[in-house]
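Shown next: structure.csv, given as CSV, C-alpha atoms.
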```csv
chain,number,residue,atom,x,y,z
A,1,MET,CA,21.3,9.4,10.4
A,2,GLU,CA,20.8,12.9,9.2
A,3,ILE,CA,19.9,14.3,5.8
A,4,LEU,CA,22.3,17.1,4.9
A,5,SER,CA,20.6,18.2,1.8
A,6,ALA,CA,17.7,16.3,0.4
A,7,GLN,CA,18.5,17.3,-3.1
A,8,GLU,CA,22.2,16.3,-3.1
A,9,ILE,CA,22.3,12.9,-1.4
A,10,GLN,CA,21.5,9.5,-2.8
A,11,ILE,CA,20.3,6.9,-0.3
A,12,SER,CA,19.3,3.2,-0.5
A,13,ASN,CA,15.8,2.0,0.2
A,14,PHE,CA,17.1,0.6,3.5
A,15,GLU,CA,18.3,4.1,4.6
A,16,CYS,CA,15.0,5.6,3.4
A,17,LEU,CA,13.1,3.0,5.5
A,18,GLN,CA,15.2,3.9,8.6
A,19,ILE,CA,14.4,7.6,8.1
A,20,LEU,CA,10.7,7.0,7.7
A,21,LYS,CA,10.6,4.8,10.8
A,22,GLN,CA,12.2,7.7,12.7
A,23,VAL,CA,9.7,10.2,11.2
A,24,LYS,CA,6.9,7.8,12.3
A,25,SER,CA,8.2,7.6,15.9
A,26,ASP,CA,8.8,11.4,16.0
A,27,HIS,CA,5.2,12.0,14.7
A,28,GLY,CA,3.8,10.1,17.7
A,29,ILE,CA,5.7,12.4,20.0
A,30,LYS,CA,4.8,15.7,18.4
A,31,LYS,CA,1.4,17.3,18.7
A,32,ASN,CA,1.0,19.9,16.0
A,33,LYS,CA,-2.0,22.2,15.5
A,34,ASN,CA,-2.7,21.2,11.9
A,35,LYS,CA,-4.0,17.6,12.5
A,36,SER,CA,-5.2,17.0,8.9
A,37,LYS,CA,-1.7,17.7,7.5
A,38,ASN,CA,-0.1,15.4,10.1
A,39,ASP,CA,-2.6,12.6,9.3
A,40,ARG,CA,-1.8,12.8,5.6
A,41,LEU,CA,1.9,12.8,6.3
A,42,LEU,CA,1.5,9.8,8.6
A,43,THR,CA,-0.6,7.9,6.0
A,44,LEU,CA,2.1,8.6,3.4
A,45,VAL,CA,4.9,7.5,5.8
A,46,LEU,CA,3.0,4.3,6.9
A,47,GLU,CA,2.2,3.3,3.3
A,48,THR,CA,5.8,3.9,2.2
A,49,ILE,CA,7.1,1.9,5.2
A,50,LYS,CA,4.8,-1.0,4.3
A,51,TYR,CA,6.0,-1.0,0.7
A,52,LEU,CA,9.7,-0.9,1.7
A,53,GLU,CA,9.3,-3.6,4.3
A,54,ASP,CA,7.9,-5.9,1.6
A,55,SER,CA,11.0,-5.1,-0.6
A,56,PRO,CA,14.6,-6.4,-0.1
A,57,ALA,CA,15.1,-3.3,2.1
A,58,GLY,CA,12.8,-4.9,4.8
A,59,LEU,CA,15.3,-7.7,5.3
A,60,GLN,CA,18.5,-5.7,5.2
A,61,GLU,CA,20.6,-4.4,8.1
A,62,GLU,CA,23.3,-1.8,8.1
A,63,THR,CA,26.0,-4.5,8.4
A,64,HIS,CA,24.7,-6.2,5.3
A,65,LEU,CA,25.1,-3.0,3.3
A,66,GLN,CA,28.6,-2.3,4.7
A,67,GLU,CA,29.8,-5.8,3.9
A,68,PHE,CA,28.3,-5.7,0.5
A,69,VAL,CA,29.8,-2.4,-0.5
A,70,THR,CA,33.2,-3.4,0.9
A,71,ASN,CA,33.3,-6.7,-1.0
A,72,LEU,CA,31.9,-5.1,-4.2
A,73,GLN,CA,34.5,-2.3,-4.1
A,74,THR,CA,37.3,-4.9,-3.5
A,75,PHE,CA,36.0,-6.9,-6.4
A,76,CYS,CA,35.7,-3.9,-8.7
A,77,ILE,CA,39.3,-2.7,-7.9
A,78,GLU,CA,40.7,-6.2,-8.5
A,79,GLU,CA,38.7,-6.6,-11.8
A,80,ASN,CA,39.0,-3.0,-12.9
A,81,CYS,CA,35.3,-2.7,-13.4
A,82,LEU,CA,34.3,0.5,-11.6
A,83,LEU,CA,30.6,1.1,-10.8
A,84,THR,CA,29.0,4.4,-10.0
A,85,LYS,CA,27.3,5.2,-6.7
A,86,LYS,CA,23.9,5.2,-8.4
A,87,GLU,CA,24.6,1.7,-9.8
A,88,ILE,CA,25.6,0.4,-6.4
A,89,ILE,CA,22.5,1.8,-4.8
A,90,GLN,CA,20.4,0.2,-7.5
A,91,LEU,CA,22.1,-3.2,-6.9
A,92,VAL,CA,21.2,-2.9,-3.2
A,93,ASN,CA,17.7,-1.7,-3.8
A,94,ILE,CA,16.6,-4.2,-6.4
A,95,ARG,CA,18.9,-7.1,-5.6
A,96,PRO,CA,19.2,-8.5,-9.1
A,97,GLN,CA,19.6,-12.2,-9.5
A,98,THR,CA,20.1,-12.7,-13.2
A,99,PRO,CA,22.5,-11.2,-15.8
A,100,VAL,CA,19.6,-9.6,-17.6
A,101,GLU,CA,18.7,-7.7,-14.5
A,102,ILE,CA,22.3,-6.5,-14.1
A,103,GLN,CA,22.2,-5.3,-17.8
A,104,LEU,CA,19.2,-3.2,-17.0
A,105,LEU,CA,20.8,-1.6,-13.9
A,106,ILE,CA,24.3,-1.0,-15.1
A,107,ASP,CA,24.8,1.4,-18.0
A,108,ASP,CA,26.7,-0.2,-20.9
A,109,SER,CA,27.2,-3.4,-18.9
A,110,GLU,CA,27.9,-5.4,-22.0
A,111,GLU,CA,30.9,-3.3,-22.8
A,112,ARG,CA,32.0,-2.6,-19.2
A,113,LEU,CA,31.6,-6.1,-17.7
A,114,SER,CA,32.5,-9.6,-18.8
A,115,GLU,CA,30.1,-12.5,-18.2
A,116,GLU,CA,32.3,-13.8,-15.4
A,117,GLN,CA,32.3,-10.4,-13.7
A,118,VAL,CA,28.5,-10.2,-14.0
A,119,GLN,CA,28.2,-13.7,-12.4
A,120,LYS,CA,30.6,-12.6,-9.6
A,121,ILE,CA,28.5,-9.5,-8.9
A,122,ILE,CA,25.4,-11.7,-8.7
A,123,GLU,CA,27.3,-14.0,-6.3
A,124,ILE,CA,28.3,-11.1,-4.1
A,125,ILE,CA,24.7,-9.8,-4.0
A,126,GLY,CA,23.4,-13.2,-3.1
A,127,THR,CA,26.0,-13.6,-0.3
A,128,TYR,CA,25.7,-10.2,1.4
A,129,ILE,CA,22.2,-8.8,0.6
A,130,PRO,CA,19.5,-10.9,2.1
A,131,GLY,CA,16.5,-11.6,-0.1
A,132,PRO,CA,13.2,-13.5,0.1
A,133,GLU,CA,14.2,-17.2,0.5
A,134,GLU,CA,10.6,-18.3,0.3
A,135,GLU,CA,10.7,-18.4,-3.5
A,136,ASN,CA,13.5,-21.0,-3.5
A,137,VAL,CA,11.8,-23.2,-0.9
A,138,GLU,CA,8.5,-22.9,-2.7
A,139,GLU,CA,10.1,-23.9,-6.0
A,140,GLU,CA,11.6,-27.0,-4.4
A,141,THR,CA,8.3,-28.1,-2.8
A,142,VAL,CA,6.4,-27.5,-6.0
A,143,GLU,CA,8.7,-29.8,-8.0
A,144,GLY,CA,6.7,-32.4,-9.9
A,145,GLU,CA,3.8,-29.9,-10.4
A,146,ASP,CA,3.0,-27.9,-13.5
A,147,GLY,CA,2.5,-24.2,-13.5
A,148,ASN,CA,-1.0,-24.5,-12.3
A,149,GLY,CA,0.0,-26.3,-9.1
A,150,GLU,CA,-1.5,-29.6,-10.4
A,151,GLU,CA,0.6,-32.7,-10.3
A,152,GLN,CA,1.9,-33.9,-13.7
A,153,GLY,CA,1.2,-37.4,-14.5
A,154,GLU,CA,-0.8,-39.6,-16.8
A,155,VAL,CA,-4.3,-38.6,-17.9
A,156,THR,CA,-6.8,-40.8,-16.1
A,157,GLU,CA,-9.7,-40.0,-18.4
A,158,ASP,CA,-11.0,-42.8,-20.6
A,159,LEU,CA,-10.3,-41.8,-24.2
A,160,PRO,CA,-11.4,-43.8,-27.2
A,161,ASP,CA,-8.7,-46.0,-28.6
A,162,GLN,CA,-7.4,-44.2,-31.6
A,163,ALA,CA,-5.1,-47.0,-32.7
A,164,GLY,CA,-8.1,-49.1,-33.9
A,165,GLN,CA,-9.6,-46.2,-35.9
A,166,GLU,CA,-6.9,-46.1,-38.6
```

Represent the structure of the file as structure tokens.
Amino acid sequence: MEILSAQEIQISNFECLQILKQVKSDHGIKKNKNKSKNDRLLTLVLETIKYLEDSPAGLQEETHLQEFVTNLQTFCIEENCLLTKKEIIQLVNIRPQTPVEIQLLIDDSEERLSEEQVQKIIEIIGTYIPGPEEENVEEETVEGEDGNGEEQGEVTEDLPDQAGQE
């Protein structure tokens, strides 16, 4: 992967992660005279890699992106709902899962997309862009618990009988 002009190309977080990993590996090979600049660059690269690996980009592979873009383009052509490159990149980077998130990412989505089209885009994203599955598993195991992680049930404290006080 080669950057032709850093000011003219738009890349996804996955592609940025791949470039930074390459910079990291190249940094270990090169021995430059200005060590403090290299250390600062390496710190920036490592922190950015860590951030991106914790995002959906850390779970993605090139095949995921290719399949997603192919299927999304096919859908958009069939439904006559064209998306810009920037919007597609945002869908890949953020991996929206609700219609509200789609509205925030796609300009004038209320006018450009029907509810069915938004649901289909969410379905395509869920199918082709991997995301953190731990949230779904965690929600299933927490079922029967309230928001504080405590089981819901009857109160076991002894309370005065209020029926006899009336």

Of the candidates A:Gln10, A:Ser55, A:Thr43, A:Gln66, which shows the shortest atom-to-atom distance to Thr84 in chain A, using only C-alpha atoms?
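The closest residue to Thr84 in chain A is A:Gln10.
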
Could you pull the residues within 7 Å of Ile94 in chain A, counting all atoms listed in the file, minus those fewer than 3 positions along the same chain, as a list in words?
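Within the cut-off, the hits are Pro56, Gln90 and Leu91 of chain A.
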
Select, from A:Leu113, A:Ile88, A:Val69, A:Ile102, the residue with the minimum atom-to-atom distance to Thr127 in chain A, counting all atoms listed in the file.
A:Val69

Selected residue of minimal separation from Tyr51 in chain A among A:Leu105, A:Val118, A:Ile9, A:Cys16, counting all atoms listed in the file
A:Cys16

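Comparing the minimum interatomic distances between Cys81 in chain A and each of A:Ile106, A:Leu44, A:Ile125, A:Val23, counting only C-alpha atoms, we find that A:Ile106 sits nearest.
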
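By only C-alpha atoms, and with residues fewer than 6 positions from Ile129 in chain A along its chain excluded, the set lying at most 12 Å from it is Phe14, Ser55, Pro56, Ala57, Gly58, Leu59, Gln60, Glu61, Glu62, Thr63, His64, Leu65, Gln66, Glu67, Phe68, Val69, Asn71, Leu72, Ile89, Leu91, Val92, Asn93, Ile94, Arg95, Pro96, Gln97, Ile121, Ile122 and Glu123 of chain A.
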
Between CA of Thr70 in chain A and CA of Glu116 in chain A, what is the distance in Å, rounded to a tenth?
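So the answer is 19.4 Å.
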
Shortest interatomic distance to Cys76 in chain A - which of A:Ile11, A:Ile124, A:Asp26, A:Leu20, counting all atoms listed in the file:
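Under the stated criterion, the closest residue is A:Ile124.
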
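If you measure from each of A:Arg40, A:Lys24, A:Lys86, A:Lys50 to Ser12 in chain A using all atoms listed in the file, the closest one turns out to be A:Lys86.
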
One decimal, in Å: what's the spacing between CA of Asp54 in chain A and CA of Pro130 in chain A?
12.6 Å

Distance CA of Pro132 in chain A-CA of Glu101 in chain A, one decimal place?
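Calculated distance between CA of Pro132 in chain A and CA of Glu101 in chain A is 16.6 Å.
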